[in-house]
file my_file34.pdb (PDB, C-alpha atoms)
ATOM      1  CA  MET A   1       0.000   0.000   0.000
ATOM      2  CA  ARG A   2       1.013   3.619  -0.463
ATOM      3  CA  ARG A   3       3.774   4.555   1.962
ATOM      4  CA  ALA A   4       4.681   2.484   4.969
ATOM      5  CA  LEU A   5       1.777   2.399   7.364
ATOM      6  CA  VAL A   6       2.573   4.092  10.651
ATOM      7  CA  PHE A   7       2.696   1.632  13.589
ATOM      8  CA  LEU A   8      -0.749   2.643  14.743
ATOM      9  CA  CYS A   9      -2.213   5.784  13.242
ATOM     10  CA  VAL A  10      -0.249   8.878  14.253
ATOM     11  CA  VAL A  11      -3.377  10.900  13.650
ATOM     12  CA  VAL A  12      -2.576  13.408  16.375
ATOM     13  CA  ALA A  13      -2.277  16.616  14.414
ATOM     14  CA  ALA A  14      -2.729  18.997  17.324
ATOM     15  CA  ALA A  15      -0.988  19.499  20.625
ATOM     16  CA  THR A  16      -1.646  16.615  22.954
ATOM     17  CA  THR A  17      -4.143  17.370  25.699
ATOM     18  CA  GLY A  18      -4.639  14.122  27.584
ATOM     19  CA  CYS A  19      -7.858  12.153  28.044
ATOM     20  CA  ALA A  20     -11.094  13.115  29.686
ATOM     21  CA  ASP A  21     -11.162  10.126  32.037
ATOM     22  CA  GLY A  22      -9.358  11.218  35.177
ATOM     23  CA  ALA A  23      -8.471   7.652  36.105
ATOM     24  CA  ASP A  24      -6.143   7.509  33.111
ATOM     25  CA  GLU A  25      -4.857  11.052  33.286
ATOM     26  CA  PRO A  26      -1.146  11.532  33.984
ATOM     27  CA  ALA A  27      -0.499  13.171  37.338
ATOM     28  CA  GLN A  28       0.339  16.878  37.444
ATOM     29  CA  GLN A  29      -0.231  17.270  33.721
ATOM     30  CA  ASP A  30       1.083  20.501  32.223
ATOM     31  CA  ARG A  31      -1.924  22.453  30.914
ATOM     32  CA  ARG A  32       0.018  25.173  29.118
ATOM     33  CA  PRO A  33      -0.731  25.540  25.398
ATOM     34  CA  ARG A  34       1.535  23.353  23.333
ATOM     35  CA  PRO A  35       2.715  23.890  19.771
ATOM     36  CA  ARG A  36       0.696  22.048  17.171
ATOM     37  CA  ALA A  37       2.137  19.396  14.890
ATOM     38  CA  LEU A  38       1.972  20.144  11.180
ATOM     39  CA  THR A  39      -0.790  18.569   9.145
ATOM     40  CA  TRP A  40       0.227  16.327   6.266
ATOM     41  CA  GLN A  41      -0.736  19.116   3.847
ATOM     42  CA  GLN A  42       1.630  21.492   5.638
ATOM     43  CA  GLU A  43       4.397  18.892   5.719
ATOM     44  CA  LEU A  44       4.026  18.413   1.969
ATOM     45  CA  ARG A  45       4.303  22.140   1.353
ATOM     46  CA  VAL A  46       7.467  22.320   3.451
ATOM     47  CA  ALA A  47       8.912  19.422   1.445
ATOM     48  CA  ASP A  48       8.015  21.213  -1.782
ATOM     49  CA  ALA A  49       9.668  24.392  -0.516
ATOM     50  CA  GLN A  50      12.803  22.430   0.327
ATOM     51  CA  GLN A  51      12.878  21.081  -3.218
ATOM     52  CA  ARG A  52      12.437  24.590  -4.626
ATOM     53  CA  LEU A  53      15.298  25.957  -2.510
ATOM     54  CA  THR A  54      17.498  23.002  -3.444
ATOM     55  CA  ARG A  55      16.805  23.533  -7.136
ATOM     56  CA  GLN A  56      17.627  27.224  -6.932
ATOM     57  CA  CYS A  57      20.866  26.468  -5.110
ATOM     58  CA  MET A  58      21.878  23.754  -7.606
ATOM     59  CA  ASN A  59      21.121  26.085 -10.510
ATOM     60  CA  ARG A  60      23.464  28.651  -8.988
ATOM     61  CA  GLN A  61      26.125  25.933  -8.897
ATOM     62  CA  GLY A  62      25.638  25.334 -12.616
ATOM     63  CA  PHE A  63      23.577  22.140 -12.431
ATOM     64  CA  THR A  64      20.081  21.146 -13.532
ATOM     65  CA  TYR A  65      17.802  19.912 -10.758
ATOM     66  CA  ARG A  66      14.144  18.923 -11.150
ATOM     67  CA  GLU A  67      11.484  19.282  -8.479
ATOM     68  CA  ASP A  68       9.149  16.329  -7.885
ATOM     69  CA  ARG A  69       5.499  17.306  -8.390
ATOM     70  CA  GLY A  70       4.309  13.920  -9.590
ATOM     71  CA  LEU A  71       1.252  13.704  -7.331
ATOM     72  CA  THR A  72      -1.615  16.093  -6.754
ATOM     73  CA  LEU A  73      -2.428  17.267  -3.247
ATOM     74  CA  ARG A  74      -5.300  14.803  -2.969
ATOM     75  CA  GLU A  75      -3.157  11.931  -4.223
ATOM     76  CA  SER A  76      -0.490  12.800  -1.662
ATOM     77  CA  ARG A  77      -2.747  12.129   1.296
ATOM     78  CA  PRO A  78      -1.072   9.512   3.545
ATOM     79  CA  VAL A  79      -2.938   6.288   4.261
ATOM     80  CA  ARG A  80      -2.750   5.666   8.000
ATOM     81  CA  TYR A  81      -4.058   2.958  10.273
ATOM     82  CA  VAL A  82      -7.401   4.741  10.560
ATOM     83  CA  GLN A  83      -8.684   5.871   7.173
ATOM     84  CA  ASP A  84     -12.187   7.306   7.467
ATOM     85  CA  ASP A  85     -12.488   9.392   4.296
ATOM     86  CA  VAL A  86     -15.100   7.433   2.350
ATOM     87  CA  ALA A  87     -14.963   9.669  -0.725
ATOM     88  CA  TRP A  88     -11.173   9.315  -0.971
ATOM     89  CA  ALA A  89     -11.425   5.535  -0.567
ATOM     90  CA  ARG A  90     -14.100   5.370  -3.264
ATOM     91  CA  THR A  91     -11.713   7.071  -5.688
ATOM     92  CA  TYR A  92      -8.309   5.743  -4.654
ATOM     93  CA  GLY A  93      -8.948   2.645  -2.537
ATOM     94  CA  TYR A  94      -5.932   2.372  -0.260
ATOM     95  CA  GLY A  95      -3.774   4.250  -2.753
ATOM     96  CA  GLY A  96      -2.399   1.203  -4.543
ATOM     97  CA  ARG A  97      -2.402   2.867  -7.941
ATOM     98  CA  ILE A  98      -0.945   6.030  -6.457
ATOM     99  CA  GLU A  99       1.935   3.991  -5.023
ATOM    100  CA  ALA A 100       2.508   2.406  -8.426
ATOM    101  CA  LYS A 101       2.527   5.849 -10.024
ATOM    102  CA  SER A 102       5.036   7.119  -7.450
ATOM    103  CA  LEU A 103       7.260   4.119  -8.096
ATOM    104  CA  ARG A 104       7.281   4.804 -11.813
ATOM    105  CA  VAL A 105       8.240   8.436 -11.156
ATOM    106  CA  ARG A 106      11.073   7.385  -8.819
ATOM    107  CA  GLU A 107      12.364   4.853 -11.353
ATOM    108  CA  ARG A 108      12.516   7.595 -13.980
ATOM    109  CA  ASN A 109      14.065  10.090 -11.573
ATOM    110  CA  PRO A 110      15.275  12.886 -13.885
ATOM    111  CA  ASN A 111      17.904  13.993 -11.384
ATOM    112  CA  GLY A 112      19.441  10.526 -11.324
ATOM    113  CA  THR A 113      19.363  10.348 -15.120
ATOM    114  CA  TYR A 114      20.940  13.800 -15.385
ATOM    115  CA  ARG A 115      23.652  12.867 -12.885
ATOM    116  CA  GLN A 116      24.508   9.665 -14.731
ATOM    117  CA  GLY A 117      24.969  11.655 -17.931
ATOM    118  CA  LEU A 118      27.689  13.818 -16.415
ATOM    119  CA  SER A 119      31.402  13.160 -16.706
ATOM    120  CA  PRO A 120      33.031  11.554 -13.618
ATOM    121  CA  SER A 121      34.464  14.866 -12.455
ATOM    122  CA  ARG A 122      31.189  16.722 -12.964
ATOM    123  CA  ARG A 123      29.327  13.899 -11.197
ATOM    124  CA  THR A 124      31.551  14.362  -8.167
ATOM    125  CA  ALA A 125      30.947  18.097  -8.329
ATOM    126  CA  PHE A 126      27.194  17.473  -8.552
ATOM    127  CA  ASP A 127      27.272  15.300  -5.421
ATOM    128  CA  THR A 128      29.315  17.874  -3.541
ATOM    129  CA  ALA A 129      26.952  20.662  -4.558
ATOM    130  CA  LEU A 130      23.876  18.646  -3.593
ATOM    131  CA  ASP A 131      24.812  17.210  -0.203
ATOM    132  CA  GLY A 132      28.436  18.001   0.480
ATOM    133  CA  GLY A 133      29.812  14.821  -1.058
ATOM    134  CA  ASP A 134      32.322  12.740   0.858
ATOM    135  CA  GLY A 135      33.354  15.755   2.893
ATOM    136  CA  ALA A 136      29.899  16.456   4.312
ATOM    137  CA  ARG A 137      29.460  16.509   8.057
ATOM    138  CA  MET A 138      27.521  13.772   9.781
ATOM    139  CA  LEU A 139      24.531  14.471  12.015
ATOM    140  CA  THR A 140      23.774  11.989  14.794
ATOM    141  CA  ALA A 141      20.512  11.529  16.697
ATOM    142  CA  SER A 142      19.643   9.185  19.550
ATOM    143  CA  LEU A 143      16.449   7.164  19.148
ATOM    144  CA  PRO A 144      13.903   6.962  22.001
ATOM    145  CA  GLY A 145      13.894   3.168  21.851
ATOM    146  CA  GLY A 146      17.683   2.951  21.923
ATOM    147  CA  GLY A 147      20.477   3.242  19.425
ATOM    148  CA  GLU A 148      21.188   6.138  17.117
ATOM    149  CA  THR A 149      20.806   7.156  13.512
ATOM    150  CA  ARG A 150      22.993   9.279  11.280
ATOM    151  CA  LYS A 151      22.547  11.537   8.309
ATOM    152  CA  ARG A 152      25.054  13.247   6.074
ATOM    153  CA  VAL A 153      24.317  16.905   5.463
ATOM    154  CA  GLY A 154      25.948  19.586   3.384
ATOM    155  CA  GLY A 155      25.735  21.471   0.129
ATOM    156  CA  CYS A 156      22.413  22.677  -1.211
ATOM    157  CA  THR A 157      20.494  20.206   0.945
ATOM    158  CA  GLU A 158      21.867  21.806   4.091
ATOM    159  CA  GLU A 159      21.336  25.302   2.683
ATOM    160  CA  ALA A 160      17.665  24.533   2.026
ATOM    161  CA  GLU A 161      17.145  22.980   5.460
ATOM    162  CA  ARG A 162      18.849  25.898   7.151
ATOM    163  CA  ALA A 163      16.665  28.379   5.269
ATOM    164  CA  LEU A 164      13.534  26.559   6.460
ATOM    165  CA  TYR A 165      14.359  25.221   9.922
ATOM    166  CA  GLY A 166      17.217  27.425  11.037
ATOM    167  CA  ASP A 167      19.288  24.615  12.539
ATOM    168  CA  PRO A 168      19.378  21.355  10.528
ATOM    169  CA  ALA A 169      21.069  19.480  13.362
ATOM    170  CA  GLU A 170      18.402  20.403  15.923
ATOM    171  CA  TRP A 171      15.642  19.624  13.431
ATOM    172  CA  TYR A 172      17.137  16.214  12.744
ATOM    173  CA  ARG A 173      17.761  15.392  16.411
ATOM    174  CA  THR A 174      14.345  16.399  17.721
ATOM    175  CA  GLY A 175      12.597  14.911  14.684
ATOM    176  CA  LYS A 176      14.007  11.469  15.367
ATOM    177  CA  ILE A 177      12.772  11.720  18.932
ATOM    178  CA  ALA A 178       9.295  13.063  18.152
ATOM    179  CA  THR A 179       8.639  10.576  15.369
ATOM    180  CA  GLY A 180      10.178   7.625  17.191
ATOM    181  CA  LEU A 181       8.238   7.707  20.445
ATOM    182  CA  ASN A 182       5.822   4.976  19.402
ATOM    183  CA  ALA A 183       8.681   2.544  19.976
ATOM    184  CA  LEU A 184       8.127   3.200  23.681
ATOM    185  CA  TYR A 185       4.349   2.814  23.804
ATOM    186  CA  GLY A 186       3.279   1.055  20.607
ATOM    187  CA  GLU A 187       2.918  -2.431  22.048
ATOM    188  CA  GLU A 188       0.984  -1.187  25.073
ATOM    189  CA  LEU A 189      -1.213   0.985  22.880
ATOM    190  CA  MET A 190      -2.171  -1.911  20.636
ATOM    191  CA  LYS A 191      -3.329  -3.819  23.723
ATOM    192  CA  ASP A 192      -5.202  -0.847  25.209
ATOM    193  CA  ARG A 193      -8.695  -2.029  26.164
ATOM    194  CA  ARG A 194     -10.460   1.030  24.763
ATOM    195  CA  LEU A 195      -8.655   0.770  21.454
ATOM    196  CA  THR A 196      -9.196  -2.983  21.177
ATOM    197  CA  ALA A 197     -12.892  -2.464  21.917
ATOM    198  CA  ALA A 198     -13.147   0.102  19.131
ATOM    199  CA  VAL A 199     -11.256  -2.146  16.721
ATOM    200  CA  GLY A 200     -13.602  -4.988  17.683
ATOM    201  CA  ALA A 201     -16.588  -2.811  16.836
ATOM    202  CA  TRP A 202     -14.924  -1.910  13.527
ATOM    203  CA  SER A 203     -14.375  -5.621  12.793
ATOM    204  CA  ARG A 204     -18.020  -6.475  13.450
ATOM    205  CA  CYS A 205     -19.058  -3.644  11.144
ATOM    206  CA  MET A 206     -16.728  -4.966   8.445
ATOM    207  CA  LYS A 207     -18.161  -8.464   8.729
ATOM    208  CA  ARG A 208     -21.655  -7.067   8.203
ATOM    209  CA  ALA A 209     -20.290  -5.415   5.059
ATOM    210  CA  GLY A 210     -18.924  -8.730   3.795
ATOM    211  CA  GLN A 211     -15.327  -7.897   4.730
ATOM    212  CA  PRO A 212     -14.313 -10.292   7.561
ATOM    213  CA  TYR A 213     -11.122  -8.724   8.907
ATOM    214  CA  GLU A 214      -9.967  -8.381  12.507
ATOM    215  CA  ASN A 215      -8.318  -4.976  12.100
ATOM    216  CA  PRO A 216      -7.469  -2.380   9.426
ATOM    217  CA  GLN A 217      -3.980  -3.738   8.883
ATOM    218  CA  ALA A 218      -5.370  -7.203   8.134
ATOM    219  CA  ALA A 219      -7.765  -5.701   5.569
ATOM    220  CA  ARG A 220      -4.963  -3.912   3.769
ATOM    221  CA  GLU A 221      -2.691  -6.921   3.816
ATOM    222  CA  ALA A 222      -5.452  -9.021   2.254
ATOM    223  CA  VAL A 223      -5.855  -6.406  -0.475
ATOM    224  CA  ARG A 224      -2.103  -6.414  -1.111
ATOM    225  CA  VAL A 225      -2.035 -10.203  -1.431
ATOM    226  CA  ASN A 226      -5.071 -10.222  -3.719
ATOM    227  CA  THR A 227      -3.573  -7.546  -5.968
ATOM    228  CA  GLY A 228      -0.370  -9.528  -6.296
ATOM    229  CA  ARG A 229      -2.274 -12.752  -7.001
ATOM    230  CA  LEU A 230      -4.384 -11.239  -9.774
ATOM    231  CA  GLY A 231      -1.402  -9.527 -11.396
ATOM    232  CA  ALA A 232      -1.258  -6.940 -14.154
ATOM    233  CA  ALA A 233      -3.646  -8.814 -16.446
ATOM    234  CA  ARG A 234      -6.473  -8.393 -13.932
ATOM    235  CA  ALA A 235      -5.414  -5.047 -12.513
ATOM    236  CA  ASP A 236      -8.844  -3.460 -12.932
ATOM    237  CA  GLU A 237     -10.484  -6.317 -11.050
ATOM    238  CA  ALA A 238      -7.908  -6.035  -8.276
ATOM    239  CA  PHE A 239      -8.429  -2.293  -7.975
ATOM    240  CA  ALA A 240     -12.203  -2.678  -7.812
ATOM    241  CA  ALA A 241     -11.759  -5.132  -4.935
ATOM    242  CA  GLU A 242      -9.327  -2.750  -3.249
ATOM    243  CA  ARG A 243     -11.842   0.071  -3.432
ATOM    244  CA  ARG A 244     -14.665  -2.064  -2.039
ATOM    245  CA  THR A 245     -12.590  -3.020   0.985
ATOM    246  CA  ALA A 246     -11.271   0.506   1.486
ATOM    247  CA  VAL A 247     -14.751   2.040   1.325
ATOM    248  CA  ALA A 248     -16.082  -0.447   3.867
ATOM    249  CA  ASP A 249     -13.031   0.219   6.059
ATOM    250  CA  ALA A 250     -13.569   3.987   5.978
ATOM    251  CA  ALA A 251     -17.331   3.705   6.521
ATOM    252  CA  CYS A 252     -16.872   1.393   9.507
ATOM    253  CA  ALA A 253     -14.182   3.651  10.952
ATOM    254  CA  ARG A 254     -16.693   6.490  10.857
ATOM    255  CA  GLU A 255     -19.527   4.397  12.263
ATOM    256  CA  THR A 256     -17.437   3.207  15.223
ATOM    257  CA  SER A 257     -15.540   6.497  15.832
ATOM    258  CA  LEU A 258     -12.315   4.534  15.543
ATOM    259  CA  ARG A 259     -10.297   7.614  14.618
ATOM    260  CA  ALA A 260     -11.413   9.524  17.718
ATOM    261  CA  VAL A 261     -10.659   6.590  20.010
ATOM    262  CA  ALA A 262      -7.243   5.944  18.441
ATOM    263  CA  THR A 263      -6.330   9.620  18.659
ATOM    264  CA  ALA A 264      -7.388   9.882  22.301
ATOM    265  CA  ARG A 265      -5.527   6.751  23.345
ATOM    266  CA  GLU A 266      -2.346   7.689  21.499
ATOM    267  CA  THR A 267      -2.545  11.144  23.024
ATOM    268  CA  TYR A 268      -2.734   9.570  26.460
ATOM    269  CA  TYR A 269       0.398   7.488  25.932
ATOM    270  CA  LEU A 270       2.269  10.414  24.412
ATOM    271  CA  ASP A 271       1.366  12.588  27.378
ATOM    272  CA  ARG A 272       2.947  10.089  29.729
ATOM    273  CA  LEU A 273       6.277  10.714  27.995
ATOM    274  CA  ARG A 274       6.207  14.497  28.171
ATOM    275  CA  ASP A 275       8.337  14.678  31.297
ATOM    276  CA  ARG A 276      11.153  12.979  29.388
ATOM    277  CA  PHE A 277      10.600  14.223  25.860
ATOM    278  CA  GLY A 278       8.217  17.176  26.027
ATOM    279  CA  LYS A 279      10.883  19.806  25.398
ATOM    280  CA  ASP A 280      12.152  17.966  22.322
ATOM    281  CA  ILE A 281       8.620  17.447  20.983
ATOM    282  CA  ASP A 282       7.816  21.134  21.392
ATOM    283  CA  THR A 283      11.110  22.166  19.778
ATOM    284  CA  TYR A 284      10.439  19.881  16.817
ATOM    285  CA  ARG A 285       6.944  21.279  16.357
ATOM    286  CA  ASN A 286       8.104  24.876  16.691
ATOM    287  CA  LEU A 287      10.817  24.320  14.088
ATOM    288  CA  GLY A 288       8.249  22.689  11.818
ATOM    289  CA  GLN A 289       5.858  25.608  12.183
ATOM    290  CA  ARG A 290       8.684  28.028  11.446
ATOM    291  CA  ALA A 291       9.505  26.059   8.313
ATOM    292  CA  TYR A 292       5.866  26.094   7.198
ATOM    293  CA  ASP A 293       5.583  29.842   7.734
ATOM    294  CA  ARG A 294       8.578  30.255   5.457
ATOM    295  CA  ALA A 295       7.377  27.653   2.955
ATOM    296  CA  VAL A 296       4.137  29.528   2.204
ATOM    297  CA  ARG A 297       6.273  32.383   0.891
ATOM    298  CA  ILE A 298       8.273  30.053  -1.332
ATOM    299  CA  VAL A 299       5.816  27.666  -3.034
ATOM    300  CA  PRO A 300       2.047  27.487  -3.520
ATOM    301  CA  GLU A 301       0.065  24.558  -2.201
ATOM    302  CA  ARG A 302      -0.218  21.716  -4.681
ATOM    303  CA  GLY A 303      -3.342  21.634  -6.777
TER     304      GLY A 303
END
call {"tool": "encode", "arguments": {"input": "my_file34.pdb", "output": "structure tokens"}}
result
Amino acid sequence: MRRALVFLCVVVAAATTGCADGADEPAQQDRRPRPRALTWQQELRVADAQQRLTRQCMNRQGFTYREDRGLTLRESRPVRYVQDDVAWARTYGYGGRIEAKSLRVRERNPNGTYRQGLSPSRRTAFDTALDGGDGARMLTASLPGGGETRKRVGGCTEEAERALYGDPAEWYRTGKIATGLNALYGEELMKDRRLTAAVGAWSRCMKRAGQPYENPQAAREAVRVNTGRLGAARADEAFAAERRTAVADAACARETSLRAVATARETYYLDRLRDRFGKDIDTYRNLGQRAYDRAVRIVPERG
């Protein structure tokens, strides 16, 4: 399916506020307003702005660089654990054809083709201009679940990130923390009695719709297997089946309020980690909002 599905849903697009049930509420919860996470539309616009800045920088270095605008805004919508947009599902299913389209675009990456057409010396110069080449500095970030990850940064990539976020190293470090917290609560969340009850209600709704799946992930995996089994010769049949399952999934998610339950329960588990990671989460969100404020002056929203 399109993009890797997030471990649960990561549908929390606003500052976490905790749950209404006092029995589950973290003690001495901080009630101060918290910065909001970017929506996926805002994240996409920031990514587009980064591409625009990178292109402009590469052009100044004497190289051609193409921006990726292969998908429309609506096609770019991420498919998460809870997908309750019935109209989107009716048109795109789970995004299988969108993923195939994205793959074709990546395989015909014009920047890669352009780079391969350069002489060895110009290719090295291209790499250095783009990301600093072999001499680029290495950023390191610790992961909440243990271990660390690294990223090379330099050249026009670093220039674009600095123009948007201010400090690429701080953006990278806090981003790995904020987006990696589900490693600390994911297993417990999936066993949460309120979430499992909502998923059970979703499953019963799906069975009534002729789609006997225990959870959304199982439904999507069945679609993936069926699409592969039918192959290219029966692609239209496979896509029709994908859409039927996706529409039922979205309709049942709405009927059972699965999105609201999943959001509330994930918010609860995130709030329990704020004492340890709250400052990093807020820094990451503030840097993201700063980048978005700058991005709106650089590129329009996709059509």
call {"tool": "resolve_selection", "arguments": {"input": "my_file34.pdb", "expression": "the PyMOL selection byres ((chain A and resi 39-42) around 9)", "output": "ChimeraX atom specification"}}
result
/A:13-14,36-38,43-47,73,76-78,289,292,295,301-302
call {"tool": "resolve_selection", "arguments": {"input": "my_file34.pdb", "expression": "the PyMOL selection byres ((chain A and resi 108-122) around 9)", "output": "list in words"}}
result
Thr64, Tyr65, Arg66, Glu67, Asp68, Leu103, Arg104, Val105, Arg106, Glu107, Arg123, Thr124, Ala125, Phe126 and Asp127 of chain A
call {"tool": "resolve_selection", "arguments": {"input": "my_file34.pdb", "expression": "the PyMOL selection byres ((chain A and resi 241) around 12)", "output": "PyMOL selection string"}}
result
chain A and resi 89-90+92-94+96+210-211+219-220+222-227+230+234-240+242-248
call {"tool": "atom_distance", "arguments": {"input": "my_file34.pdb", "atom1": "CA of Leu164 (chain A)", "atom2": "CA of Pro33 (chain A)"}}
result
23.7 Å
call {"tool": "atom_distance", "arguments": {"input": "my_file34.pdb", "atom1": "CA of Ile177 (chain A)", "atom2": "CA of Gly146 (chain A)"}}
result
10.5 Å
call {"tool": "closest_atom_pairs", "arguments": {"input": "my_file34.pdb", "of": "region 111-182 of chain A", "to": "region 255-277 of chain A", "cutoff": "10 Å", "atoms": "only C-alpha atoms", "output": "JSON lines"}}
result
{"residue": "A:Pro144", "atom": "CA", "partner": "A:Phe277", "partner_atom": "CA", "distance": 8.9}
{"residue": "A:Thr174", "atom": "CA", "partner": "A:Phe277", "partner_atom": "CA", "distance": 9.2}
{"residue": "A:Ile177", "atom": "CA", "partner": "A:Phe277", "partner_atom": "CA", "distance": 7.7}
{"residue": "A:Ala178", "atom": "CA", "partner": "A:Phe277", "partner_atom": "CA", "distance": 7.9}
{"residue": "A:Leu181", "atom": "CA", "partner": "A:Leu270", "partner_atom": "CA", "distance": 7.7}
{"residue": "A:Asn182", "atom": "CA", "partner": "A:Leu270", "partner_atom": "CA", "distance": 8.2}
